[in-house]
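Data block below; observations after.
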Amino acid sequence: MNDAKSTPSEGSAAGSFSSRPLTGAMVDEVERLLSGRTRDIRLSGDLRRRFDERSWRQTAKVIRSWMIWVAFVDVLTLALNAILLPHPVVLSMVAPACLLPPAAICAAVVWSKPRAATVQRASLLAGMSVILLSVALVGVFAGGEFYERHLNIMLFVATSAITIFSVPLPWTIAIACYALCLYFILQWYNPLLETGGVVAATLFFSCGIIATVVARRTMNILAQKTFLLDCRDRNRVAELADANARLERLARTDPLTGIANRRWMMETLEGLWRDDRETGVVAAMLMCDIDHFKALNDKLGHGEGDRCLVKVAGIIQSCVRADRDLVSRHGGEEFLIVLPDAEEEEAVAVAKRIRESVEAAALPNPSSGVGPSVTLSVGVALKSALDTDISLANLQHQADMALYRAKEAGRNQVCVFRRPQQAVPSATEQIAARR
């Protein structure tokens with residue numbers, strides 16, 4: 001809130017704006033301010049509002065605590081005076097002393113939650129005006145030695161407030177000017193001082209006030225610099241986290257097709273097998289291979305081959321459950337699909353849907369021995385909760401064997417692995433277009 005004109009508006013959550021990432025313009029402004037001299041730091045625009053929101057809670061807490069403490073000390077002092085001082089003197093102090101607690105409590109209430117800047121500024125300046133006036137008038141009404149004593153107490157109250165209130169500098173200067181003017185006027189009418197004494201006392205008071213204002217300004221600038229350093233650090237951490245996230249995505253994604261790569265798939269499956277080793281894993285594994293893909297590359301070129309891989313990967317993804325099933329490019333023209341919690345009927349249905357969708361896409365492969373378009377062979381292996389002896393490597397080997405049998409049977413078909421060593425092609429999946 002230092003050196004800023006705006007504060008969080010009423011009803012807004014403090015910190016909601018300051019928690020957002022820095023924009024490019026804000027990052028540039030932070031770097032510009034930090035590259036210059038510390039004493040030239042001036043926050044403006046979004047940075048100022050962000051600083052206001054981040055510092056408001058602490059500033060408000062300090063102001064509330066100070067106001068409540070001053071009110072408590074005022075009441076305590078009046079009570080002690082009632083015990084220690086003559087009754088007429090105490091009676092003269094009561095009226096001005098009673099001005100302070102309500103003013104302090106009202107200011108504390110206003111600063112109990114975010115409000116409009118004008119309301120907060122008015123409450124603070126009005127509260128400080130009444131508090132300083134109350135302290136001074138107690139001495140004026142009591143007279144004698146209390147006159148000068150309470151004016152000095154007013155100096156202490158003003159300087160303590162200026163020192164600890166982390167408010168905009170214009171607010172600080174307004175409090176200082178009011179305290180200085182009030183001190184000079186009351187000293188001018190002090191019957192115990194001559195003109196020279198008034199001038200000397202006012203100069204002394206001015207030195208204390210000015211030094212405090214300068215110190216407050218320095219503290220404001222240092223607070224803003226700390227804020228800027230924190231913003232820069234947060235931005236760098238966010239950039240590093242984003243870079244790490246991109247690297248992580250690259251490490252687990254096939255750069256051509258955009259689906260998971262073999263490494264990520266195997267790490268995921270190993271975690272699945274490890275986490276469910278007690279209850280057993282229920283899953284189906286589908287190994288898919290594009291028929292005569294080398295012939296396609298030789299005939300149409302590697303560019304067309306890459307486009308074919310991308311389109312086939314997209315078709316496979318569209319045929320599985322996006323929230324559960326796992327799809328990866330296993331290498332070259334092979335794709336590995338894992339269907340968690342899938343029985344044989346469901347797994348075969350998915351495999352058939354993938355094979356039929358690829359064939360229906362009619363992607364050109366004029367050198368294929370199966371037909372004029374791209375086709376897919378699919379091997380299916382299954383593991384139930386009772387198959388506790390089947391490891392991940394075993395299941396993958398079985399899917400490979402089923403795929404091999406599908407290719408031996410003429411390609412463009414689905415084959416399910418059957419124990420002990422036989423994989424039976426699905427009769428309904430026989431395709432007329434064969435070698």
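Order determines the names: the first chain of the structure tokens is A, the second B, and so forth; residues in each chain are numbered 1 upward, and ligands are numbered 1 upward as they are shown.
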Secondary structure check, strand (DSSP E or B) residues of range 148-300 of chain A, as an MDAnalysis selection string: chainID A and resid 253 260:261 283:290
9 Å contact set for range 209-226 of chain A, only C-alpha atoms, chain neighbours under 6 positions out, as JSON, numbers by chain: {"A": [1, 2, 3, 33, 34, 38, 39, 40, 41, 42, 43, 51, 155, 158, 159, 160, 162, 163, 164, 165, 166, 167, 168, 169, 172, 173, 176, 177, 179, 180]}
If you keep N, CA, C and O atoms, can you produce a file of those selected residues as a compact mmCIF listing (two decimals), in the first residue's frame?
```
# COMPACT_ATOMS: atom_id res chain seq x y z
N MET A 1 0.79 -1.17 0.00
CA MET A 1 0.00 0.00 0.00
C MET A 1 0.85 1.25 0.00
O MET A 1 0.34 2.35 -0.05
N ASN A 2 2.14 1.14 0.09
CA ASN A 2 3.03 2.27 0.19
C ASN A 2 3.07 3.04 -1.12
O ASN A 2 3.17 2.50 -2.19
N ASP A 3 3.02 4.38 -0.97
CA ASP A 3 3.11 5.27 -2.13
C ASP A 3 2.12 4.91 -3.21
O ASP A 3 2.36 5.09 -4.39
N LEU A 33 12.59 -1.34 -13.10
CA LEU A 33 12.70 -0.70 -11.79
C LEU A 33 13.87 -1.27 -10.99
O LEU A 33 14.58 -0.52 -10.32
N LEU A 34 14.08 -2.56 -11.07
CA LEU A 34 15.17 -3.17 -10.30
C LEU A 34 16.54 -2.85 -10.90
O LEU A 34 17.55 -2.90 -10.18
N THR A 38 17.65 2.38 -6.26
CA THR A 38 16.60 2.02 -5.33
C THR A 38 15.72 3.22 -4.99
O THR A 38 14.50 3.11 -4.91
N ARG A 39 16.33 4.37 -4.80
CA ARG A 39 15.54 5.55 -4.39
C ARG A 39 14.62 6.06 -5.49
O ARG A 39 13.74 6.88 -5.24
N ASP A 40 14.81 5.58 -6.72
CA ASP A 40 13.95 6.01 -7.83
C ASP A 40 12.78 5.07 -8.07
O ASP A 40 12.00 5.27 -9.01
N ILE A 41 12.62 4.05 -7.24
CA ILE A 41 11.54 3.08 -7.44
C ILE A 41 10.20 3.75 -7.19
O ILE A 41 9.96 4.34 -6.14
N ARG A 42 9.30 3.66 -8.16
CA ARG A 42 7.94 4.17 -8.05
C ARG A 42 7.01 3.17 -8.72
O ARG A 42 7.14 2.91 -9.93
N LEU A 43 6.10 2.60 -7.97
CA LEU A 43 5.16 1.65 -8.54
C LEU A 43 3.98 2.37 -9.15
O LEU A 43 3.53 3.40 -8.64
N PHE A 51 0.73 -4.58 -5.43
CA PHE A 51 1.43 -4.31 -4.18
C PHE A 51 0.45 -3.92 -3.08
O PHE A 51 0.58 -4.36 -1.93
N LEU A 155 3.86 14.61 20.21
CA LEU A 155 4.97 14.36 19.29
C LEU A 155 5.28 12.88 19.22
O LEU A 155 5.46 12.31 18.14
N ALA A 158 2.50 11.02 17.28
CA ALA A 158 2.57 11.28 15.84
C ALA A 158 3.73 10.52 15.20
O ALA A 158 3.57 9.88 14.15
N THR A 159 4.90 10.57 15.82
CA THR A 159 6.06 9.91 15.22
C THR A 159 5.91 8.39 15.23
O THR A 159 6.33 7.71 14.28
N SER A 160 5.30 7.85 16.29
CA SER A 160 5.11 6.40 16.32
C SER A 160 4.14 5.96 15.22
O SER A 160 4.36 4.92 14.57
N ILE A 162 3.50 7.54 12.36
CA ILE A 162 4.15 7.71 11.05
C ILE A 162 5.14 6.58 10.79
O ILE A 162 5.26 6.08 9.68
N THR A 163 5.84 6.17 11.83
CA THR A 163 6.87 5.14 11.67
C THR A 163 6.28 3.78 11.30
O THR A 163 6.79 3.09 10.42
N ILE A 164 5.19 3.40 11.96
CA ILE A 164 4.70 2.02 11.77
C ILE A 164 3.58 1.91 10.76
O ILE A 164 3.28 0.81 10.29
N PHE A 165 2.94 3.04 10.38
CA PHE A 165 1.85 2.96 9.39
C PHE A 165 2.44 2.89 7.99
O PHE A 165 2.97 3.88 7.47
N SER A 166 2.33 1.72 7.37
CA SER A 166 2.84 1.55 6.01
C SER A 166 1.77 1.98 5.01
O SER A 166 1.16 1.17 4.31
N VAL A 167 1.55 3.29 4.97
CA VAL A 167 0.51 3.87 4.12
C VAL A 167 1.16 4.73 3.05
O VAL A 167 2.36 5.04 3.14
N PRO A 168 0.42 5.15 2.02
CA PRO A 168 1.00 6.01 0.99
C PRO A 168 1.65 7.25 1.57
O PRO A 168 1.18 7.82 2.57
N LEU A 169 2.74 7.68 0.98
CA LEU A 169 3.51 8.82 1.48
C LEU A 169 2.68 10.09 1.63
O LEU A 169 2.85 10.81 2.61
N THR A 172 1.06 10.01 4.94
CA THR A 172 2.04 10.24 6.00
C THR A 172 2.35 11.72 6.14
O THR A 172 2.40 12.26 7.25
N ILE A 173 2.53 12.40 5.01
CA ILE A 173 2.84 13.83 5.04
C ILE A 173 1.67 14.62 5.61
O ILE A 173 1.86 15.60 6.36
N ALA A 176 1.77 14.30 9.34
CA ALA A 176 2.89 15.07 9.87
C ALA A 176 2.59 16.57 9.87
O ALA A 176 2.87 17.27 10.85
N CYS A 177 2.04 17.07 8.77
CA CYS A 177 1.72 18.50 8.68
C CYS A 177 0.66 18.89 9.70
O CYS A 177 0.75 19.96 10.33
N ALA A 179 0.05 17.42 12.60
CA ALA A 179 0.65 17.39 13.93
C ALA A 179 1.54 18.61 14.16
O ALA A 179 1.53 19.22 15.24
N LEU A 180 2.31 19.00 13.14
CA LEU A 180 3.20 20.16 13.26
C LEU A 180 2.41 21.45 13.44
O LEU A 180 2.75 22.29 14.30
```
Contacts of Ile354 in chain A within 10 Å, only C-alpha atoms, excl. fewer than 2 positions in-chain, as a PyMOL selection string: chain A and resi 288+312+315-320+348-352+356-360+376-378+414
Go ahead and dump the residues you just picked, N, CA and C atoms, as a PDB file, in the first residue's frame.
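And here is the file that came out, again_26.pdb:
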```
ATOM      1  N   CYS A 288      -1.136 -53.216 -32.150  1.00  0.00           N
ATOM      2  CA  CYS A 288      -1.609 -52.920 -33.520  1.00  0.00           C
ATOM      3  C   CYS A 288      -0.418 -52.640 -34.417  1.00  0.00           C
ATOM      4  N   VAL A 312      -3.632 -42.523 -38.300  1.00  0.00           N
ATOM      5  CA  VAL A 312      -3.961 -43.780 -37.625  1.00  0.00           C
ATOM      6  C   VAL A 312      -3.966 -43.594 -36.115  1.00  0.00           C
ATOM      7  N   ILE A 315      -7.191 -41.989 -35.201  1.00  0.00           N
ATOM      8  CA  ILE A 315      -8.311 -42.939 -35.295  1.00  0.00           C
ATOM      9  C   ILE A 315      -8.343 -43.847 -34.066  1.00  0.00           C
ATOM     10  N   ILE A 316      -7.176 -44.325 -33.666  1.00  0.00           N
ATOM     11  CA  ILE A 316      -7.120 -45.217 -32.490  1.00  0.00           C
ATOM     12  C   ILE A 316      -7.607 -44.484 -31.246  1.00  0.00           C
ATOM     13  N   GLN A 317      -7.156 -43.264 -31.061  1.00  0.00           N
ATOM     14  CA  GLN A 317      -7.581 -42.498 -29.885  1.00  0.00           C
ATOM     15  C   GLN A 317      -9.090 -42.265 -29.871  1.00  0.00           C
ATOM     16  N   SER A 318      -9.663 -42.086 -31.040  1.00  0.00           N
ATOM     17  CA  SER A 318     -11.105 -41.833 -31.100  1.00  0.00           C
ATOM     18  C   SER A 318     -11.929 -43.088 -30.804  1.00  0.00           C
ATOM     19  N   CYS A 319     -11.293 -44.245 -30.821  1.00  0.00           N
ATOM     20  CA  CYS A 319     -12.017 -45.502 -30.620  1.00  0.00           C
ATOM     21  C   CYS A 319     -11.926 -46.034 -29.188  1.00  0.00           C
ATOM     22  N   VAL A 320     -11.167 -45.355 -28.327  1.00  0.00           N
ATOM     23  CA  VAL A 320     -10.998 -45.838 -26.948  1.00  0.00           C
ATOM     24  C   VAL A 320     -11.583 -44.830 -25.972  1.00  0.00           C
ATOM     25  N   VAL A 348     -12.193 -57.253 -27.559  1.00  0.00           N
ATOM     26  CA  VAL A 348     -12.340 -57.617 -28.970  1.00  0.00           C
ATOM     27  C   VAL A 348     -13.189 -56.594 -29.710  1.00  0.00           C
ATOM     28  N   ALA A 349     -14.214 -56.084 -29.033  1.00  0.00           N
ATOM     29  CA  ALA A 349     -15.071 -55.075 -29.671  1.00  0.00           C
ATOM     30  C   ALA A 349     -14.273 -53.812 -29.980  1.00  0.00           C
ATOM     31  N   VAL A 350     -13.426 -53.390 -29.051  1.00  0.00           N
ATOM     32  CA  VAL A 350     -12.587 -52.214 -29.283  1.00  0.00           C
ATOM     33  C   VAL A 350     -11.608 -52.473 -30.419  1.00  0.00           C
ATOM     34  N   ALA A 351     -10.982 -53.644 -30.421  1.00  0.00           N
ATOM     35  CA  ALA A 351     -10.034 -53.985 -31.483  1.00  0.00           C
ATOM     36  C   ALA A 351     -10.711 -53.987 -32.852  1.00  0.00           C
ATOM     37  N   LYS A 352     -11.920 -54.559 -32.921  1.00  0.00           N
ATOM     38  CA  LYS A 352     -12.667 -54.572 -34.181  1.00  0.00           C
ATOM     39  C   LYS A 352     -12.999 -53.150 -34.633  1.00  0.00           C
ATOM     40  N   GLU A 356     -11.735 -51.609 -38.156  1.00  0.00           N
ATOM     41  CA  GLU A 356     -12.739 -51.175 -39.135  1.00  0.00           C
ATOM     42  C   GLU A 356     -12.634 -49.680 -39.419  1.00  0.00           C
ATOM     43  N   SER A 357     -12.346 -48.886 -38.395  1.00  0.00           N
ATOM     44  CA  SER A 357     -12.253 -47.430 -38.579  1.00  0.00           C
ATOM     45  C   SER A 357     -11.051 -47.071 -39.445  1.00  0.00           C
ATOM     46  N   VAL A 358      -9.936 -47.770 -39.250  1.00  0.00           N
ATOM     47  CA  VAL A 358      -8.755 -47.508 -40.075  1.00  0.00           C
ATOM     48  C   VAL A 358      -9.039 -47.879 -41.529  1.00  0.00           C
ATOM     49  N   GLU A 359      -9.669 -49.015 -41.740  1.00  0.00           N
ATOM     50  CA  GLU A 359      -9.984 -49.428 -43.108  1.00  0.00           C
ATOM     51  C   GLU A 359     -10.976 -48.468 -43.754  1.00  0.00           C
ATOM     52  N   ALA A 360     -11.965 -47.994 -42.960  1.00  0.00           N
ATOM     53  CA  ALA A 360     -12.977 -47.088 -43.504  1.00  0.00           C
ATOM     54  C   ALA A 360     -12.392 -45.722 -43.855  1.00  0.00           C
ATOM     55  N   LEU A 376      -5.015 -52.512 -40.772  1.00  0.00           N
ATOM     56  CA  LEU A 376      -4.385 -52.693 -39.473  1.00  0.00           C
ATOM     57  C   LEU A 376      -4.594 -54.122 -38.995  1.00  0.00           C
ATOM     58  N   SER A 377      -3.534 -54.732 -38.461  1.00  0.00           N
ATOM     59  CA  SER A 377      -3.645 -56.030 -37.795  1.00  0.00           C
ATOM     60  C   SER A 377      -3.533 -55.794 -36.297  1.00  0.00           C
ATOM     61  N   VAL A 378      -4.372 -56.552 -35.545  1.00  0.00           N
ATOM     62  CA  VAL A 378      -4.444 -56.328 -34.099  1.00  0.00           C
ATOM     63  C   VAL A 378      -4.312 -57.650 -33.364  1.00  0.00           C
ATOM     64  N   VAL A 414      -8.305 -59.236 -36.445  1.00  0.00           N
ATOM     65  CA  VAL A 414      -8.056 -59.249 -35.001  1.00  0.00           C
ATOM     66  C   VAL A 414      -7.822 -60.686 -34.570  1.00  0.00           C
TER      67      VAL A 414
END
```
What are the nearest atom pairs, with distances in Å to one decimal, for all residues of range 269-344 of chain A that come at most 10 Å from range 362-373 of chain A, using only C-alpha atoms, set out by chain and rising residue number as JSON lines?
```
{"residue": "A:Asp291", "atom": "CA", "partner": "A:Ser368", "partner_atom": "CA", "distance": 7.2}
{"residue": "A:His292", "atom": "CA", "partner": "A:Ser368", "partner_atom": "CA", "distance": 5.5}
{"residue": "A:Phe293", "atom": "CA", "partner": "A:Ser368", "partner_atom": "CA", "distance": 7.9}
{"residue": "A:Lys294", "atom": "CA", "partner": "A:Ser367", "partner_atom": "CA", "distance": 9.2}
{"residue": "A:Ala295", "atom": "CA", "partner": "A:Ser367", "partner_atom": "CA", "distance": 5.6}
{"residue": "A:Leu296", "atom": "CA", "partner": "A:Asn365", "partner_atom": "CA", "distance": 5.4}
{"residue": "A:Asn297", "atom": "CA", "partner": "A:Asn365", "partner_atom": "CA", "distance": 9.0}
{"residue": "A:Asp298", "atom": "CA", "partner": "A:Ser367", "partner_atom": "CA", "distance": 8.7}
{"residue": "A:Lys299", "atom": "CA", "partner": "A:Ser367", "partner_atom": "CA", "distance": 6.7}
{"residue": "A:Leu300", "atom": "CA", "partner": "A:Asn365", "partner_atom": "CA", "distance": 8.0}
{"residue": "A:Glu304", "atom": "CA", "partner": "A:Pro364", "partner_atom": "CA", "distance": 9.2}
{"residue": "A:Gly305", "atom": "CA", "partner": "A:Asn365", "partner_atom": "CA", "distance": 9.4}
{"residue": "A:Arg307", "atom": "CA", "partner": "A:Leu363", "partner_atom": "CA", "distance": 9.7}
{"residue": "A:Cys308", "atom": "CA", "partner": "A:Leu363", "partner_atom": "CA", "distance": 7.1}
{"residue": "A:Lys311", "atom": "CA", "partner": "A:Leu363", "partner_atom": "CA", "distance": 8.6}
{"residue": "A:Val312", "atom": "CA", "partner": "A:Leu363", "partner_atom": "CA", "distance": 9.0}
```
Could the residues in this selection be written to a file with all heavy atoms, as a compact mmCIF listing (two decimals), in the first residue's frame?
```
# COMPACT_ATOMS: atom_id res chain seq x y z
N ASP A 291 -0.35 -52.67 -41.75
CA ASP A 291 0.06 -53.69 -42.73
C ASP A 291 0.84 -53.06 -43.87
O ASP A 291 0.44 -52.03 -44.42
CB ASP A 291 -1.18 -54.41 -43.28
CG ASP A 291 -1.94 -55.14 -42.18
OD1 ASP A 291 -1.29 -55.67 -41.27
OD2 ASP A 291 -3.20 -55.16 -42.25
N HIS A 292 1.97 -53.71 -44.21
CA HIS A 292 2.78 -53.30 -45.38
C HIS A 292 3.15 -51.81 -45.32
O HIS A 292 3.11 -51.10 -46.34
CB HIS A 292 2.05 -53.62 -46.69
CG HIS A 292 1.75 -55.07 -46.87
ND1 HIS A 292 2.71 -56.02 -47.07
CD2 HIS A 292 0.55 -55.74 -46.85
CE1 HIS A 292 2.16 -57.22 -47.18
NE2 HIS A 292 0.85 -57.08 -47.05
N PHE A 293 3.54 -51.35 -44.13
CA PHE A 293 3.87 -49.92 -43.98
C PHE A 293 5.16 -49.58 -44.73
O PHE A 293 5.29 -48.48 -45.29
CB PHE A 293 4.01 -49.58 -42.50
CG PHE A 293 4.26 -48.12 -42.24
CD1 PHE A 293 3.24 -47.18 -42.38
CD2 PHE A 293 5.52 -47.66 -41.86
CE1 PHE A 293 3.46 -45.84 -42.17
CE2 PHE A 293 5.75 -46.32 -41.64
CZ PHE A 293 4.72 -45.40 -41.78
N LYS A 294 6.12 -50.49 -44.76
CA LYS A 294 7.36 -50.22 -45.48
C LYS A 294 7.08 -50.02 -46.97
O LYS A 294 7.69 -49.14 -47.61
CB LYS A 294 8.33 -51.38 -45.29
CG LYS A 294 9.71 -51.15 -45.92
CD LYS A 294 10.63 -52.32 -45.64
CE LYS A 294 12.03 -52.05 -46.21
NZ LYS A 294 12.02 -51.80 -47.65
N ALA A 295 6.14 -50.78 -47.48
CA ALA A 295 5.78 -50.61 -48.89
C ALA A 295 5.17 -49.24 -49.14
O ALA A 295 5.39 -48.63 -50.19
CB ALA A 295 4.81 -51.72 -49.32
N LEU A 296 4.40 -48.78 -48.18
CA LEU A 296 3.80 -47.44 -48.31
C LEU A 296 4.90 -46.38 -48.35
O LEU A 296 4.86 -45.45 -49.18
CB LEU A 296 2.86 -47.19 -47.13
CG LEU A 296 2.03 -45.90 -47.15
CD1 LEU A 296 0.72 -46.09 -46.38
CD2 LEU A 296 2.78 -44.72 -46.55
N ASN A 297 5.89 -46.48 -47.45
CA ASN A 297 6.99 -45.51 -47.45
C ASN A 297 7.77 -45.55 -48.75
O ASN A 297 8.14 -44.52 -49.31
CB ASN A 297 7.94 -45.80 -46.28
CG ASN A 297 7.50 -45.13 -44.98
OD1 ASN A 297 6.84 -44.10 -45.02
ND2 ASN A 297 7.85 -45.73 -43.86
N ASP A 298 8.03 -46.77 -49.25
CA ASP A 298 8.80 -46.90 -50.48
C ASP A 298 8.06 -46.33 -51.67
O ASP A 298 8.66 -45.74 -52.58
CB ASP A 298 9.14 -48.38 -50.73
CG ASP A 298 10.10 -48.93 -49.68
OD1 ASP A 298 10.75 -48.12 -49.00
OD2 ASP A 298 10.15 -50.17 -49.51
N LYS A 299 6.74 -46.50 -51.70
CA LYS A 299 5.95 -46.07 -52.85
C LYS A 299 5.60 -44.58 -52.80
O LYS A 299 5.74 -43.86 -53.80
CB LYS A 299 4.66 -46.91 -52.92
CG LYS A 299 3.76 -46.59 -54.10
CD LYS A 299 4.37 -47.01 -55.41
CE LYS A 299 3.39 -46.82 -56.57
NZ LYS A 299 3.99 -47.25 -57.84
N LEU A 300 5.12 -44.13 -51.65
CA LEU A 300 4.62 -42.75 -51.54
C LEU A 300 5.57 -41.79 -50.84
O LEU A 300 5.34 -40.59 -50.85
CB LEU A 300 3.28 -42.76 -50.79
CG LEU A 300 2.17 -43.60 -51.40
CD1 LEU A 300 0.90 -43.52 -50.55
CD2 LEU A 300 1.88 -43.16 -52.83
N GLU A 304 4.45 -39.03 -46.68
CA GLU A 304 3.11 -39.63 -46.67
C GLU A 304 3.02 -40.70 -45.58
O GLU A 304 1.96 -40.87 -44.95
CB GLU A 304 2.81 -40.24 -48.04
CG GLU A 304 1.38 -40.71 -48.21
CD GLU A 304 0.37 -39.58 -48.10
OE1 GLU A 304 0.71 -38.44 -48.51
OE2 GLU A 304 -0.75 -39.82 -47.58
N GLY A 305 4.13 -41.39 -45.32
CA GLY A 305 4.14 -42.37 -44.25
C GLY A 305 3.91 -41.71 -42.88
O GLY A 305 3.17 -42.23 -42.04
N ARG A 307 2.32 -38.89 -42.35
CA ARG A 307 0.92 -38.46 -42.29
C ARG A 307 0.00 -39.63 -41.99
O ARG A 307 -0.99 -39.51 -41.26
CB ARG A 307 0.52 -37.79 -43.61
CG ARG A 307 1.02 -36.35 -43.74
CD ARG A 307 0.43 -35.66 -44.96
NE ARG A 307 1.02 -36.16 -46.19
CZ ARG A 307 2.13 -35.69 -46.74
NH1 ARG A 307 2.81 -34.73 -46.13
NH2 ARG A 307 2.58 -36.18 -47.88
N CYS A 308 0.32 -40.77 -42.53
CA CYS A 308 -0.46 -41.98 -42.26
C CYS A 308 -0.40 -42.35 -40.77
O CYS A 308 -1.42 -42.66 -40.15
CB CYS A 308 0.07 -43.14 -43.11
SG CYS A 308 -0.67 -44.74 -42.71
N LYS A 311 -2.59 -39.96 -38.74
CA LYS A 311 -4.02 -40.21 -38.90
C LYS A 311 -4.45 -41.50 -38.21
O LYS A 311 -5.50 -41.55 -37.57
CB LYS A 311 -4.37 -40.25 -40.39
CG LYS A 311 -4.24 -38.89 -41.07
CD LYS A 311 -4.56 -38.98 -42.56
CE LYS A 311 -4.43 -37.63 -43.22
NZ LYS A 311 -4.70 -37.69 -44.69
N VAL A 312 -3.63 -42.52 -38.30
CA VAL A 312 -3.96 -43.78 -37.63
C VAL A 312 -3.97 -43.59 -36.11
O VAL A 312 -4.86 -44.11 -35.41
CB VAL A 312 -2.97 -44.88 -38.04
CG1 VAL A 312 -3.15 -46.12 -37.15
CG2 VAL A 312 -3.16 -45.26 -39.50
```
Near Ala104 in chain A, within 7 Å and counting only C-alpha atoms, which residues show up once chain neighbours fewer than 6 positions away are dropped, as a short mmCIF file (atom, residue, chain, number, x, y, z; two decimals) with C-alpha atoms, in the first residue's frame?
```cif
data_model
loop_
_atom_site.label_atom_id
_atom_site.label_comp_id
_atom_site.auth_asym_id
_atom_site.auth_seq_id
_atom_site.Cartn_x
_atom_site.Cartn_y
_atom_site.Cartn_z
CA MET A 67 -5.54 2.21 17.41
CA ILE A 68 -6.73 -0.29 20.03
CA ALA A 71 -7.35 3.75 23.17
CA GLY A 127 -8.90 9.33 13.43
#
```
Shell of 10 Å around Phe227 in chain A, only C-alpha atoms, local chain residues under 5 positions omitted, as a list in words: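 The residues that qualify are Val30, Leu47, Arg50, Phe51, Arg54, Ser55, Ile221, Leu222, Arg232 and Asp233 of chain A.
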Among the residues A:Ala142, A:Ala136, A:Leu240, A:Leu395, the one that comes closest to Trp273 in chain A [using only C-alpha atoms]: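 The answer is A:Leu395, which sits nearest to Trp273 in chain A.
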Atomic distance CA of His397 in chain A - CA of Leu382 in chain A, expressed in Å with one decimal: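 Here the two named atoms are 11.3 Å from each other.
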All alpha helix (DSSP H) positions in range 263-334 of chain A, as a PyMOL selection string: chain A and resi 263-275+293-300+302-318
Got a sec: who's within 8 Å of range 87-95 of chain A, counting only C-alpha atoms, leaving out chain neighbours fewer than 6 positions off, as a PDB file with N, CA and C atoms, in the first residue's frame?
```pdb
ATOM      1  N   LEU A  78      -5.957   7.822  32.106  1.00  0.00           N
ATOM      2  CA  LEU A  78      -6.988   8.620  32.796  1.00  0.00           C
ATOM      3  C   LEU A  78      -7.325   8.007  34.146  1.00  0.00           C
ATOM      4  N   ASN A  81      -4.444   8.780  36.501  1.00  0.00           N
ATOM      5  CA  ASN A  81      -4.498  10.191  36.888  1.00  0.00           C
ATOM      6  C   ASN A  81      -5.563  10.439  37.946  1.00  0.00           C
ATOM      7  N   VAL A 138      -5.797  17.536  26.398  1.00  0.00           N
ATOM      8  CA  VAL A 138      -5.712  17.089  27.793  1.00  0.00           C
ATOM      9  C   VAL A 138      -4.722  17.966  28.562  1.00  0.00           C
ATOM     10  N   GLY A 139      -3.554  18.226  27.921  1.00  0.00           N
ATOM     11  CA  GLY A 139      -2.572  19.090  28.567  1.00  0.00           C
ATOM     12  C   GLY A 139      -3.014  20.534  28.618  1.00  0.00           C
ATOM     13  N   PHE A 141      -6.108  21.725  28.756  1.00  0.00           N
ATOM     14  CA  PHE A 141      -7.168  21.909  29.755  1.00  0.00           C
ATOM     15  C   PHE A 141      -6.619  21.767  31.179  1.00  0.00           C
ATOM     16  N   ALA A 142      -5.640  20.883  31.355  1.00  0.00           N
ATOM     17  CA  ALA A 142      -5.067  20.718  32.691  1.00  0.00           C
ATOM     18  C   ALA A 142      -4.164  21.885  33.057  1.00  0.00           C
TER      19      ALA A 142
END
```
Shell of 12 Å around Leu76 in chain A, only C-alpha atoms, local chain residues under 6 positions omitted, as a ChimeraX atom specification: /A:69-70,82-83,97-98,101
